[in-house]
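J.: This one is input_25.txt, compact mmCIF, N, CA and C atoms.
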# COMPACT_ATOMS: atom_id res chain seq x y z
N MET A 293 0.82 -1.17 0.00
CA MET A 293 0.00 0.00 0.00
C MET A 293 0.88 1.25 0.00
N THR A 294 0.53 2.19 -0.83
CA THR A 294 1.31 3.41 -0.90
C THR A 294 0.83 4.40 0.16
N TYR A 295 1.61 5.46 0.30
CA TYR A 295 1.26 6.51 1.27
C TYR A 295 -0.08 7.13 0.91
N ASP A 296 -0.35 7.37 -0.37
CA ASP A 296 -1.62 7.95 -0.80
C ASP A 296 -2.80 7.03 -0.48
N ASP A 297 -2.61 5.72 -0.63
CA ASP A 297 -3.67 4.77 -0.31
C ASP A 297 -3.99 4.77 1.18
N VAL A 298 -2.96 4.81 2.01
CA VAL A 298 -3.17 4.83 3.46
C VAL A 298 -3.89 6.12 3.86
N TRP A 299 -3.47 7.24 3.31
CA TRP A 299 -4.10 8.53 3.62
C TRP A 299 -5.56 8.54 3.15
N ARG A 300 -5.82 8.03 1.95
CA ARG A 300 -7.17 7.96 1.42
C ARG A 300 -8.07 7.08 2.28
N LEU A 301 -7.54 5.95 2.75
CA LEU A 301 -8.28 5.05 3.62
C LEU A 301 -8.58 5.71 4.97
N PHE A 302 -7.61 6.45 5.50
CA PHE A 302 -7.79 7.17 6.76
C PHE A 302 -8.91 8.21 6.63
N ILE A 303 -8.88 9.01 5.59
CA ILE A 303 -9.90 10.03 5.36
C ILE A 303 -11.26 9.37 5.14
N HIS A 304 -11.28 8.29 4.37
CA HIS A 304 -12.53 7.58 4.09
C HIS A 304 -13.16 7.06 5.38
N SER A 305 -12.35 6.47 6.27
CA SER A 305 -12.90 5.93 7.51
C SER A 305 -13.45 7.03 8.41
N TRP A 306 -12.80 8.18 8.44
CA TRP A 306 -13.28 9.28 9.28
C TRP A 306 -14.50 9.96 8.70
N VAL A 307 -14.60 10.05 7.38
CA VAL A 307 -15.75 10.71 6.76
C VAL A 307 -16.96 9.78 6.77
N ARG A 308 -16.77 8.52 6.43
CA ARG A 308 -17.90 7.58 6.33
C ARG A 308 -18.42 7.13 7.69
N ASP A 309 -17.53 6.98 8.66
CA ASP A 309 -17.95 6.47 9.97
C ASP A 309 -17.22 7.23 11.07
N PHE A 310 -17.55 8.51 11.20
CA PHE A 310 -16.86 9.39 12.13
C PHE A 310 -16.95 8.88 13.56
N PHE A 311 -18.15 8.50 13.98
CA PHE A 311 -18.36 8.15 15.38
C PHE A 311 -17.54 6.94 15.80
N ILE A 312 -17.54 5.89 15.01
CA ILE A 312 -16.77 4.68 15.35
C ILE A 312 -15.27 4.97 15.27
N SER A 313 -14.86 5.77 14.28
CA SER A 313 -13.45 6.13 14.19
C SER A 313 -13.01 6.92 15.42
N ALA A 314 -13.87 7.82 15.89
CA ALA A 314 -13.55 8.59 17.10
C ALA A 314 -13.51 7.70 18.33
N LEU A 315 -14.41 6.71 18.41
CA LEU A 315 -14.41 5.80 19.55
C LEU A 315 -13.14 4.95 19.61
N ASN A 316 -12.59 4.63 18.47
CA ASN A 316 -11.40 3.79 18.43
C ASN A 316 -10.11 4.59 18.59
N THR A 317 -10.23 5.90 18.73
CA THR A 317 -9.07 6.76 18.94
C THR A 317 -8.79 6.84 20.44
N SER A 318 -7.54 7.02 20.81
CA SER A 318 -7.20 7.10 22.23
C SER A 318 -7.82 8.36 22.85
N LEU A 319 -8.11 8.27 24.14
CA LEU A 319 -8.75 9.39 24.83
C LEU A 319 -7.85 10.62 24.84
N LYS A 320 -6.55 10.43 24.96
CA LYS A 320 -5.61 11.56 24.93
C LYS A 320 -5.69 12.29 23.59
N ARG A 321 -5.77 11.54 22.51
CA ARG A 321 -5.85 12.16 21.18
C ARG A 321 -7.19 12.88 21.00
N ILE A 322 -8.27 12.29 21.52
CA ILE A 322 -9.58 12.94 21.43
C ILE A 322 -9.55 14.27 22.16
N ILE A 323 -9.01 14.28 23.37
CA ILE A 323 -8.96 15.52 24.15
C ILE A 323 -8.08 16.55 23.46
N LEU A 324 -6.95 16.12 22.89
CA LEU A 324 -6.08 17.05 22.17
C LEU A 324 -6.80 17.68 20.98
N VAL A 325 -7.50 16.86 20.21
CA VAL A 325 -8.24 17.37 19.05
C VAL A 325 -9.34 18.33 19.49
N VAL A 326 -10.04 18.00 20.57
CA VAL A 326 -11.11 18.88 21.07
C VAL A 326 -10.54 20.22 21.51
N VAL A 327 -9.44 20.21 22.25
CA VAL A 327 -8.81 21.46 22.68
C VAL A 327 -8.37 22.30 21.49
N LEU A 328 -7.73 21.66 20.51
CA LEU A 328 -7.29 22.39 19.33
C LEU A 328 -8.47 22.94 18.52
N LEU A 329 -9.52 22.15 18.39
CA LEU A 329 -10.69 22.57 17.64
C LEU A 329 -11.38 23.76 18.31
N TYR A 330 -11.60 23.68 19.61
CA TYR A 330 -12.22 24.79 20.32
C TYR A 330 -11.36 26.05 20.24
N THR A 331 -10.05 25.91 20.41
CA THR A 331 -9.16 27.06 20.32
C THR A 331 -9.23 27.69 18.94
N ALA A 332 -9.23 26.87 17.89
CA ALA A 332 -9.32 27.39 16.53
C ALA A 332 -10.64 28.12 16.29
N VAL A 333 -11.73 27.56 16.79
CA VAL A 333 -13.04 28.22 16.62
C VAL A 333 -13.08 29.53 17.39
N PHE A 334 -12.58 29.55 18.63
CA PHE A 334 -12.56 30.79 19.40
C PHE A 334 -11.74 31.87 18.69
N LEU A 335 -10.56 31.49 18.21
CA LEU A 335 -9.70 32.47 17.53
C LEU A 335 -10.30 32.94 16.21
N THR A 336 -10.92 32.03 15.47
CA THR A 336 -11.54 32.40 14.20
C THR A 336 -12.67 33.39 14.40
N PHE A 337 -13.56 33.09 15.35
CA PHE A 337 -14.67 34.01 15.59
C PHE A 337 -14.19 35.30 16.25
N ALA A 338 -13.12 35.25 17.04
CA ALA A 338 -12.55 36.49 17.59
C ALA A 338 -12.07 37.39 16.46
N ALA A 339 -11.43 36.81 15.46
CA ALA A 339 -10.97 37.60 14.30
C ALA A 339 -12.16 38.17 13.53
N ILE A 340 -13.23 37.38 13.38
CA ILE A 340 -14.44 37.87 12.69
C ILE A 340 -15.07 39.02 13.47
N TRP A 341 -15.23 38.84 14.80
CA TRP A 341 -15.81 39.91 15.63
C TRP A 341 -14.94 41.16 15.61
N TYR A 342 -13.62 40.98 15.71
CA TYR A 342 -12.71 42.13 15.71
C TYR A 342 -12.80 42.90 14.39
N ALA A 343 -12.82 42.18 13.29
CA ALA A 343 -12.94 42.84 11.98
C ALA A 343 -14.29 43.53 11.83
N TYR A 344 -15.33 42.88 12.32
CA TYR A 344 -16.67 43.47 12.22
C TYR A 344 -16.79 44.72 13.09
N TRP A 345 -16.26 44.65 14.31
CA TRP A 345 -16.32 45.81 15.19
C TRP A 345 -15.47 46.96 14.68
N SER A 346 -14.39 46.64 13.99
CA SER A 346 -13.57 47.71 13.39
C SER A 346 -14.33 48.39 12.26
N ALA A 347 -15.11 47.61 11.51
CA ALA A 347 -15.87 48.17 10.39
C ALA A 347 -17.15 48.85 10.85
N ALA A 348 -17.79 48.34 11.90
CA ALA A 348 -19.07 48.89 12.37
C ALA A 348 -19.06 48.99 13.89
N PRO A 349 -18.35 49.97 14.46
CA PRO A 349 -18.26 50.07 15.93
C PRO A 349 -19.59 50.40 16.61
N GLN A 350 -20.55 50.91 15.87
CA GLN A 350 -21.84 51.25 16.46
C GLN A 350 -22.68 50.00 16.77
N CYS A 351 -22.24 48.84 16.30
CA CYS A 351 -22.99 47.60 16.52
C CYS A 351 -22.54 46.85 17.77
N LEU A 352 -21.78 47.51 18.62
CA LEU A 352 -21.28 46.87 19.84
C LEU A 352 -21.46 47.81 21.01
N SER A 353 -22.07 47.31 22.06
CA SER A 353 -22.20 48.06 23.30
C SER A 353 -21.07 47.61 24.22
N SER A 354 -20.09 48.48 24.44
CA SER A 354 -18.96 48.06 25.26
C SER A 354 -18.31 49.27 25.92
N SER A 355 -17.87 49.06 27.16
CA SER A 355 -17.07 50.08 27.83
C SER A 355 -15.59 49.71 27.73
N ASP A 356 -15.29 48.51 27.23
CA ASP A 356 -13.91 48.06 27.05
C ASP A 356 -13.33 48.61 25.76
N ALA A 357 -12.02 48.61 25.68
CA ALA A 357 -11.36 48.97 24.43
C ALA A 357 -11.62 47.87 23.40
N ARG A 358 -11.71 48.24 22.16
CA ARG A 358 -11.97 47.26 21.11
C ARG A 358 -10.64 46.66 20.63
N THR A 359 -10.16 45.70 21.39
CA THR A 359 -8.91 45.03 21.06
C THR A 359 -9.21 43.59 20.65
N PHE A 360 -8.19 42.91 20.12
CA PHE A 360 -8.38 41.51 19.77
C PHE A 360 -8.63 40.67 21.01
N GLY A 361 -7.99 41.03 22.12
CA GLY A 361 -8.23 40.31 23.38
C GLY A 361 -9.68 40.42 23.83
N ALA A 362 -10.26 41.60 23.70
CA ALA A 362 -11.67 41.77 24.05
C ALA A 362 -12.55 40.96 23.11
N ALA A 363 -12.19 40.91 21.83
CA ALA A 363 -12.94 40.11 20.86
C ALA A 363 -12.82 38.62 21.18
N LEU A 364 -11.65 38.20 21.64
CA LEU A 364 -11.47 36.79 22.02
C LEU A 364 -12.32 36.44 23.24
N ILE A 365 -12.32 37.30 24.24
CA ILE A 365 -13.15 37.06 25.41
C ILE A 365 -14.63 37.04 25.01
N PHE A 366 -15.03 37.94 24.12
CA PHE A 366 -16.41 37.97 23.64
C PHE A 366 -16.74 36.68 22.88
N SER A 367 -15.80 36.19 22.09
CA SER A 367 -16.01 34.95 21.33
C SER A 367 -16.19 33.76 22.28
N ILE A 368 -15.38 33.70 23.31
CA ILE A 368 -15.50 32.60 24.28
C ILE A 368 -16.82 32.71 25.04
N ALA A 369 -17.19 33.93 25.42
CA ALA A 369 -18.46 34.12 26.14
C ALA A 369 -19.65 33.75 25.26
N THR A 370 -19.57 34.05 23.98
CA THR A 370 -20.65 33.70 23.06
C THR A 370 -20.77 32.19 22.90
N SER A 371 -19.65 31.51 22.81
CA SER A 371 -19.69 30.06 22.62
C SER A 371 -20.06 29.30 23.88
N GLN A 372 -19.69 29.81 25.03
CA GLN A 372 -19.86 29.04 26.26
C GLN A 372 -21.00 29.49 27.15
N THR A 373 -21.47 30.73 26.99
CA THR A 373 -22.55 31.24 27.82
C THR A 373 -23.48 32.09 26.98
N VAL A 374 -24.51 32.59 27.59
CA VAL A 374 -25.39 33.53 26.91
C VAL A 374 -25.23 34.93 27.51
N GLY A 375 -24.84 35.01 28.77
CA GLY A 375 -24.65 36.31 29.42
C GLY A 375 -23.30 36.90 29.07
N TYR A 376 -23.26 38.20 28.87
CA TYR A 376 -22.03 38.84 28.41
C TYR A 376 -21.32 39.68 29.45
N GLY A 377 -22.00 40.43 30.26
CA GLY A 377 -21.31 41.35 31.15
C GLY A 377 -21.43 42.74 30.58
N ASN A 378 -20.30 43.40 30.36
CA ASN A 378 -20.37 44.78 29.88
C ASN A 378 -20.17 44.93 28.37
N THR A 379 -20.02 43.85 27.65
CA THR A 379 -19.89 43.90 26.19
C THR A 379 -21.02 43.07 25.59
N ALA A 380 -21.74 43.65 24.63
CA ALA A 380 -22.86 42.93 24.02
C ALA A 380 -23.08 43.44 22.60
N PRO A 381 -23.52 42.56 21.71
CA PRO A 381 -23.85 43.03 20.36
C PRO A 381 -25.18 43.77 20.38
N LEU A 382 -25.30 44.73 19.51
CA LEU A 382 -26.57 45.43 19.37
C LEU A 382 -27.34 44.79 18.23
N GLY A 383 -28.49 45.34 17.88
CA GLY A 383 -29.37 44.68 16.92
C GLY A 383 -29.02 44.85 15.46
N CYS A 384 -27.77 45.01 15.12
CA CYS A 384 -27.37 45.11 13.72
C CYS A 384 -27.55 43.75 13.04
N PRO A 385 -28.02 43.72 11.80
CA PRO A 385 -28.26 42.43 11.13
C PRO A 385 -27.02 41.54 11.02
N ALA A 386 -25.87 42.13 10.72
CA ALA A 386 -24.66 41.31 10.57
C ALA A 386 -24.25 40.70 11.91
N SER A 387 -24.40 41.46 13.01
CA SER A 387 -24.02 40.90 14.31
C SER A 387 -24.96 39.77 14.71
N ILE A 388 -26.23 39.87 14.31
CA ILE A 388 -27.17 38.78 14.59
C ILE A 388 -26.77 37.52 13.82
N ILE A 389 -26.36 37.67 12.59
CA ILE A 389 -25.95 36.52 11.77
C ILE A 389 -24.69 35.88 12.32
N ILE A 390 -23.70 36.70 12.69
CA ILE A 390 -22.46 36.16 13.25
C ILE A 390 -22.74 35.46 14.58
N LEU A 391 -23.56 36.09 15.41
CA LEU A 391 -23.93 35.52 16.69
C LEU A 391 -24.65 34.19 16.52
N LEU A 392 -25.58 34.13 15.59
CA LEU A 392 -26.31 32.89 15.30
C LEU A 392 -25.38 31.79 14.82
N ALA A 393 -24.49 32.13 13.90
CA ALA A 393 -23.55 31.13 13.37
C ALA A 393 -22.64 30.59 14.47
N GLN A 394 -22.11 31.47 15.31
CA GLN A 394 -21.21 31.01 16.36
C GLN A 394 -21.95 30.19 17.41
N THR A 395 -23.15 30.60 17.78
CA THR A 395 -23.91 29.85 18.78
C THR A 395 -24.31 28.47 18.27
N LEU A 396 -24.78 28.38 17.03
CA LEU A 396 -25.15 27.07 16.48
C LEU A 396 -23.94 26.16 16.36
N LEU A 397 -22.80 26.70 15.91
CA LEU A 397 -21.58 25.90 15.82
C LEU A 397 -21.15 25.41 17.20
N ALA A 398 -21.26 26.26 18.22
CA ALA A 398 -20.89 25.87 19.58
C ALA A 398 -21.79 24.75 20.10
N ILE A 399 -23.09 24.83 19.82
CA ILE A 399 -24.02 23.78 20.26
C ILE A 399 -23.68 22.45 19.60
N ILE A 400 -23.42 22.48 18.31
CA ILE A 400 -23.08 21.25 17.58
C ILE A 400 -21.76 20.67 18.09
N MET A 401 -20.76 21.53 18.28
CA MET A 401 -19.46 21.05 18.77
C MET A 401 -19.58 20.43 20.16
N GLU A 402 -20.35 21.06 21.03
CA GLU A 402 -20.50 20.52 22.38
C GLU A 402 -21.25 19.19 22.36
N ALA A 403 -22.27 19.06 21.54
CA ALA A 403 -23.02 17.81 21.46
C ALA A 403 -22.14 16.67 20.95
N VAL A 404 -21.39 16.92 19.89
CA VAL A 404 -20.51 15.89 19.34
C VAL A 404 -19.40 15.54 20.32
N THR A 405 -18.80 16.55 20.92
CA THR A 405 -17.71 16.32 21.87
C THR A 405 -18.19 15.50 23.06
N LEU A 406 -19.30 15.91 23.66
CA LEU A 406 -19.80 15.16 24.81
C LEU A 406 -20.22 13.75 24.42
N GLY A 407 -20.83 13.60 23.26
CA GLY A 407 -21.23 12.27 22.80
C GLY A 407 -20.05 11.34 22.61
N VAL A 408 -19.01 11.83 21.95
CA VAL A 408 -17.83 11.00 21.68
C VAL A 408 -17.10 10.67 22.98
N ILE A 409 -16.90 11.66 23.84
CA ILE A 409 -16.16 11.40 25.07
C ILE A 409 -16.96 10.46 25.99
N PHE A 410 -18.26 10.68 26.12
CA PHE A 410 -19.07 9.78 26.96
C PHE A 410 -19.06 8.36 26.40
N ALA A 411 -19.24 8.22 25.09
CA ALA A 411 -19.25 6.89 24.50
C ALA A 411 -17.87 6.24 24.63
N ARG A 412 -16.82 7.04 24.52
CA ARG A 412 -15.45 6.50 24.63
C ARG A 412 -15.18 6.01 26.05
N ILE A 413 -15.63 6.78 27.04
CA ILE A 413 -15.41 6.39 28.43
C ILE A 413 -16.21 5.15 28.78
N SER A 414 -17.44 5.07 28.29
CA SER A 414 -18.29 3.92 28.63
C SER A 414 -18.26 2.84 27.56
N HIS A 415 -17.27 2.84 26.72
CA HIS A 415 -17.15 1.87 25.62
C HIS A 415 -17.02 0.46 26.18
N PRO A 416 -17.83 -0.50 25.71
CA PRO A 416 -17.79 -1.86 26.27
C PRO A 416 -16.45 -2.56 26.08
N LYS A 417 -15.74 -2.23 25.00
CA LYS A 417 -14.45 -2.88 24.77
C LYS A 417 -13.48 -2.53 25.90
N GLN A 418 -13.55 -1.30 26.41
CA GLN A 418 -12.69 -0.91 27.51
C GLN A 418 -13.14 -1.56 28.82
N ARG A 419 -14.46 -1.66 29.03
CA ARG A 419 -14.96 -2.25 30.26
C ARG A 419 -14.68 -3.74 30.31
N ALA A 420 -14.61 -4.41 29.18
CA ALA A 420 -14.37 -5.85 29.17
C ALA A 420 -13.00 -6.20 29.73
N ARG A 421 -12.07 -5.28 29.70
CA ARG A 421 -10.74 -5.53 30.24
C ARG A 421 -10.72 -5.55 31.76
N THR A 422 -11.75 -4.99 32.40
CA THR A 422 -11.76 -4.93 33.86
C THR A 422 -12.46 -6.12 34.49
N ILE A 423 -13.08 -6.98 33.70
CA ILE A 423 -13.76 -8.15 34.24
C ILE A 423 -12.72 -9.23 34.54
N ALA A 424 -12.75 -9.73 35.77
CA ALA A 424 -11.80 -10.76 36.18
C ALA A 424 -12.56 -12.06 36.41
N ILE A 425 -12.03 -13.13 35.87
CA ILE A 425 -12.64 -14.45 36.03
C ILE A 425 -11.64 -15.33 36.77
N SER A 426 -12.11 -15.97 37.84
CA SER A 426 -11.21 -16.80 38.63
C SER A 426 -11.17 -18.22 38.06
N GLU A 427 -10.12 -18.94 38.41
CA GLU A 427 -9.95 -20.32 37.95
C GLU A 427 -10.93 -21.27 38.64
N PRO A 428 -11.00 -21.29 40.01
CA PRO A 428 -11.94 -22.22 40.66
C PRO A 428 -13.35 -21.66 40.69
N ALA A 429 -14.33 -22.56 40.56
CA ALA A 429 -15.73 -22.17 40.65
C ALA A 429 -16.23 -22.42 42.06
N VAL A 430 -17.12 -21.62 42.55
CA VAL A 430 -17.70 -21.80 43.88
C VAL A 430 -19.18 -22.11 43.70
N ILE A 431 -19.57 -23.28 44.24
CA ILE A 431 -20.97 -23.69 44.12
C ILE A 431 -21.51 -23.84 45.55
N ALA A 432 -22.64 -23.22 45.81
CA ALA A 432 -23.22 -23.30 47.15
C ALA A 432 -24.73 -23.21 47.04
N ARG A 433 -25.41 -23.79 48.04
CA ARG A 433 -26.86 -23.68 48.09
C ARG A 433 -27.25 -22.27 48.52
N ARG A 434 -28.33 -21.83 47.95
CA ARG A 434 -28.80 -20.49 48.32
C ARG A 434 -30.30 -20.58 48.54
N ASP A 435 -30.77 -20.02 49.61
CA ASP A 435 -32.18 -20.05 49.98
C ASP A 435 -32.69 -21.49 50.04
N GLY A 436 -31.95 -22.38 50.67
CA GLY A 436 -32.38 -23.75 50.89
C GLY A 436 -31.89 -24.65 49.83
Please render this file's structure as structure tokens.
T.:
Amino acid sequence: MTYDDVWRLFIHSWVRDFFISALNTSLKRIILVVVLLYTAVFLTFAAIWYAYWSAAPQCLSSSDARTFGAALIFSIATSQTVGYGNTAPLGCPASIIILLAQTLLAIIMEAVTLGVIFARISHPKQRARTIAISEPAVIARRDG
């Protein structure tokens, strides 16, 4: 098998059967991918919010300076909570669309992440390794 065949098979298995492929991956690798994915999404939406606020500052209610750090904190707050504090988007159509896209993506990511990690932790193949069977059998009367 060539390198291209192995790579094609790897991509095929992840695209066609994502859930089983994720279950068969080590827990350390799953956690690493989840951390990297969340970080990439936070940074991407922070860049989108920062660019949008630079173009339309009237669409943001904030007492903070409009820095990339503030946009990153806003991106994390949007993905992880609904309450903002002292920074909030106003009713501009573009901010509603960005907010909707980020919130829906966060919900999907959390559902998939929790599903994969829970299924991985409770996977029967892993639990089967903890069952111990003794050599001698014990037979006794019970209830008479």
J.: Separation of CA of Leu382 (chain A) and CA of Leu352 (chain A), in Å?
T.: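 Pair CA of Leu382 (chain A) / CA of Leu352 (chain A) returns 5.5 Å.
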J.: State, in Å with one decimal place, the distance from CA of Ile413 (chain A) to atom N of Val326 (chain A).
T.: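 It comes out at 15.0 Å.
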J.: Go through region 338-382 of chain A and collect every residue that DSSP, computed from the backbone, puts in strand (DSSP E); the answer should be as a PyMOL selection string.
T.: chain A and resi 352-354+379-381
J.: Take the residues that were just selected and, keeping N, CA and C atoms, output them as an mmCIF file, keeping the file's coordinate frame.
T.:
data_model
loop_
_atom_site.group_PDB
_atom_site.id
_atom_site.type_symbol
_atom_site.label_atom_id
_atom_site.label_comp_id
_atom_site.auth_asym_id
_atom_site.auth_seq_id
_atom_site.Cartn_x
_atom_site.Cartn_y
_atom_site.Cartn_z
ATOM 1 N N LEU A 352 -21.780 47.510 18.620
ATOM 2 C CA LEU A 352 -21.280 46.870 19.840
ATOM 3 C C LEU A 352 -21.460 47.810 21.010
ATOM 4 N N SER A 353 -22.070 47.310 22.060
ATOM 5 C CA SER A 353 -22.200 48.060 23.300
ATOM 6 C C SER A 353 -21.070 47.610 24.220
ATOM 7 N N SER A 354 -20.090 48.480 24.440
ATOM 8 C CA SER A 354 -18.960 48.060 25.260
ATOM 9 C C SER A 354 -18.310 49.270 25.920
ATOM 10 N N THR A 379 -20.020 43.850 27.650
ATOM 11 C CA THR A 379 -19.890 43.900 26.190
ATOM 12 C C THR A 379 -21.020 43.070 25.590
ATOM 13 N N ALA A 380 -21.740 43.650 24.630
ATOM 14 C CA ALA A 380 -22.860 42.930 24.020
ATOM 15 C C ALA A 380 -23.080 43.440 22.600
ATOM 16 N N PRO A 381 -23.520 42.560 21.710
ATOM 17 C CA PRO A 381 -23.850 43.030 20.360
ATOM 18 C C PRO A 381 -25.180 43.770 20.380
#
J.: Rank A:Ser387, A:Ser367, A:Thr317, A:Thr405 by their smallest atom-to-atom distance to Ala339 (chain A), using only C-alpha atoms, and report the top residue only.
T.: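 When distances to Ala339 (chain A) are compared using only C-alpha atoms, the smallest one comes from A:Ser367.
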J.: So which residues of region 302-354 of chain A fall under alpha helix (DSSP H) by DSSP, listed as a PyMOL selection string?
T.: chain A and resi 302-308+310-315+319-347
J.: Hey, can you spit out that residue selection with N, CA and C atoms as a compact mmCIF listing (two decimals), keeping the file's coordinate frame?
T.:
# COMPACT_ATOMS: atom_id res chain seq x y z
N PHE A 302 -7.61 6.45 5.50
CA PHE A 302 -7.79 7.17 6.76
C PHE A 302 -8.91 8.21 6.63
N ILE A 303 -8.88 9.01 5.59
CA ILE A 303 -9.90 10.03 5.36
C ILE A 303 -11.26 9.37 5.14
N HIS A 304 -11.28 8.29 4.37
CA HIS A 304 -12.53 7.58 4.09
C HIS A 304 -13.16 7.06 5.38
N SER A 305 -12.35 6.47 6.27
CA SER A 305 -12.90 5.93 7.51
C SER A 305 -13.45 7.03 8.41
N TRP A 306 -12.80 8.18 8.44
CA TRP A 306 -13.28 9.28 9.28
C TRP A 306 -14.50 9.96 8.70
N VAL A 307 -14.60 10.05 7.38
CA VAL A 307 -15.75 10.71 6.76
C VAL A 307 -16.96 9.78 6.77
N ARG A 308 -16.77 8.52 6.43
CA ARG A 308 -17.90 7.58 6.33
C ARG A 308 -18.42 7.13 7.69
N PHE A 310 -17.55 8.51 11.20
CA PHE A 310 -16.86 9.39 12.13
C PHE A 310 -16.95 8.88 13.56
N PHE A 311 -18.15 8.50 13.98
CA PHE A 311 -18.36 8.15 15.38
C PHE A 311 -17.54 6.94 15.80
N ILE A 312 -17.54 5.89 15.01
CA ILE A 312 -16.77 4.68 15.35
C ILE A 312 -15.27 4.97 15.27
N SER A 313 -14.86 5.77 14.28
CA SER A 313 -13.45 6.13 14.19
C SER A 313 -13.01 6.92 15.42
N ALA A 314 -13.87 7.82 15.89
CA ALA A 314 -13.55 8.59 17.10
C ALA A 314 -13.51 7.70 18.33
N LEU A 315 -14.41 6.71 18.41
CA LEU A 315 -14.41 5.80 19.55
C LEU A 315 -13.14 4.95 19.61
N LEU A 319 -8.11 8.27 24.14
CA LEU A 319 -8.75 9.39 24.83
C LEU A 319 -7.85 10.62 24.84
N LYS A 320 -6.55 10.43 24.96
CA LYS A 320 -5.61 11.56 24.93
C LYS A 320 -5.69 12.29 23.59
N ARG A 321 -5.77 11.54 22.51
CA ARG A 321 -5.85 12.16 21.18
C ARG A 321 -7.19 12.88 21.00
N ILE A 322 -8.27 12.29 21.52
CA ILE A 322 -9.58 12.94 21.43
C ILE A 322 -9.55 14.27 22.16
N ILE A 323 -9.01 14.28 23.37
CA ILE A 323 -8.96 15.52 24.15
C ILE A 323 -8.08 16.55 23.46
N LEU A 324 -6.95 16.12 22.89
CA LEU A 324 -6.08 17.05 22.17
C LEU A 324 -6.80 17.68 20.98
N VAL A 325 -7.50 16.86 20.21
CA VAL A 325 -8.24 17.37 19.05
C VAL A 325 -9.34 18.33 19.49
N VAL A 326 -10.04 18.00 20.57
CA VAL A 326 -11.11 18.88 21.07
C VAL A 326 -10.54 20.22 21.51
N VAL A 327 -9.44 20.21 22.25
CA VAL A 327 -8.81 21.46 22.68
C VAL A 327 -8.37 22.30 21.49
N LEU A 328 -7.73 21.66 20.51
CA LEU A 328 -7.29 22.39 19.33
C LEU A 328 -8.47 22.94 18.52
N LEU A 329 -9.52 22.15 18.39
CA LEU A 329 -10.69 22.57 17.64
C LEU A 329 -11.38 23.76 18.31
N TYR A 330 -11.60 23.68 19.61
CA TYR A 330 -12.22 24.79 20.32
C TYR A 330 -11.36 26.05 20.24
N THR A 331 -10.05 25.91 20.41
CA THR A 331 -9.16 27.06 20.32
C THR A 331 -9.23 27.69 18.94
N ALA A 332 -9.23 26.87 17.89
CA ALA A 332 -9.32 27.39 16.53
C ALA A 332 -10.64 28.12 16.29
N VAL A 333 -11.73 27.56 16.79
CA VAL A 333 -13.04 28.22 16.62
C VAL A 333 -13.08 29.53 17.39
N PHE A 334 -12.58 29.55 18.63
CA PHE A 334 -12.56 30.79 19.40
C PHE A 334 -11.74 31.87 18.69
N LEU A 335 -10.56 31.49 18.21
CA LEU A 335 -9.70 32.47 17.53
C LEU A 335 -10.30 32.94 16.21
N THR A 336 -10.92 32.03 15.47
CA THR A 336 -11.54 32.40 14.20
C THR A 336 -12.67 33.39 14.40
N PHE A 337 -13.56 33.09 15.35
CA PHE A 337 -14.67 34.01 15.59
C PHE A 337 -14.19 35.30 16.25
N ALA A 338 -13.12 35.25 17.04
CA ALA A 338 -12.55 36.49 17.59
C ALA A 338 -12.07 37.39 16.46
N ALA A 339 -11.43 36.81 15.46
CA ALA A 339 -10.97 37.60 14.30
C ALA A 339 -12.16 38.17 13.53
N ILE A 340 -13.23 37.38 13.38
CA ILE A 340 -14.44 37.87 12.69
C ILE A 340 -15.07 39.02 13.47
N TRP A 341 -15.23 38.84 14.80
CA TRP A 341 -15.81 39.91 15.63
C TRP A 341 -14.94 41.16 15.61
N TYR A 342 -13.62 40.98 15.71
CA TYR A 342 -12.71 42.13 15.71
C TYR A 342 -12.80 42.90 14.39
N ALA A 343 -12.82 42.18 13.29
CA ALA A 343 -12.94 42.84 11.98
C ALA A 343 -14.29 43.53 11.83
N TYR A 344 -15.33 42.88 12.32
CA TYR A 344 -16.67 43.47 12.22
C TYR A 344 -16.79 44.72 13.09
N TRP A 345 -16.26 44.65 14.31
CA TRP A 345 -16.32 45.81 15.19
C TRP A 345 -15.47 46.96 14.68
N SER A 346 -14.39 46.64 13.99
CA SER A 346 -13.57 47.71 13.39
C SER A 346 -14.33 48.39 12.26
N ALA A 347 -15.11 47.61 11.51
CA ALA A 347 -15.87 48.17 10.39
C ALA A 347 -17.15 48.85 10.85
J.: So what do you get for CA of Cys384 (chain A) versus CA of Ala347 (chain A), distance-wise?
T.: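 It comes out at 12.4 Å.
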J.: Kindly indicate which residue among A:Phe410, A:Gln372, A:Leu335, A:Trp345 lies nearest to Ala357 (chain A), using only C-alpha atoms for the distances.
T.: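 Among the listed residues, the smallest separation from Ala357 (chain A) belongs to A:Trp345.
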J.: Can you pull out every residue within 6.5 Å of Ser371 (chain A), counting all atoms listed in the file, but drop anything in the same chain fewer than 2 positions away, and send it as a tab-separated table (two decimals) with N, CA and C atoms, in the coordinates of the input?
T.:
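Result file is part_6.tsv:
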chain	number	residue	atom	x	y	z
A	366	PHE	N	-15.03	37.94	24.12
A	366	PHE	CA	-16.41	37.97	23.64
A	366	PHE	C	-16.74	36.68	22.88
A	367	SER	N	-15.80	36.19	22.09
A	367	SER	CA	-16.01	34.95	21.33
A	367	SER	C	-16.19	33.76	22.28
A	368	ILE	N	-15.38	33.70	23.31
A	368	ILE	CA	-15.50	32.60	24.28
A	368	ILE	C	-16.82	32.71	25.04
A	369	ALA	N	-17.19	33.93	25.42
A	369	ALA	CA	-18.46	34.12	26.14
A	369	ALA	C	-19.65	33.75	25.26
A	373	THR	N	-21.47	30.73	26.99
A	373	THR	CA	-22.55	31.24	27.82
A	373	THR	C	-23.48	32.09	26.98
A	394	GLN	N	-22.11	31.47	15.31
A	394	GLN	CA	-21.21	31.01	16.36
A	394	GLN	C	-21.95	30.19	17.41
A	395	THR	N	-23.15	30.60	17.78
A	395	THR	CA	-23.91	29.85	18.78
A	395	THR	C	-24.31	28.47	18.27
A	398	ALA	N	-21.26	26.26	18.22
A	398	ALA	CA	-20.89	25.87	19.58
A	398	ALA	C	-21.79	24.75	20.10
J.: Taking all atoms of region 346-365 of chain A that the file lists, what box with edges along x, y and z, padded by 5 Å per side, do you get, with centre and edge lengths in Å to one decimal, as JSON?
T.:
{"center_x": -15.5, "center_y": 43.8, "center_z": 19.1, "size_x": 25.0, "size_y": 24.8, "size_z": 27.4}
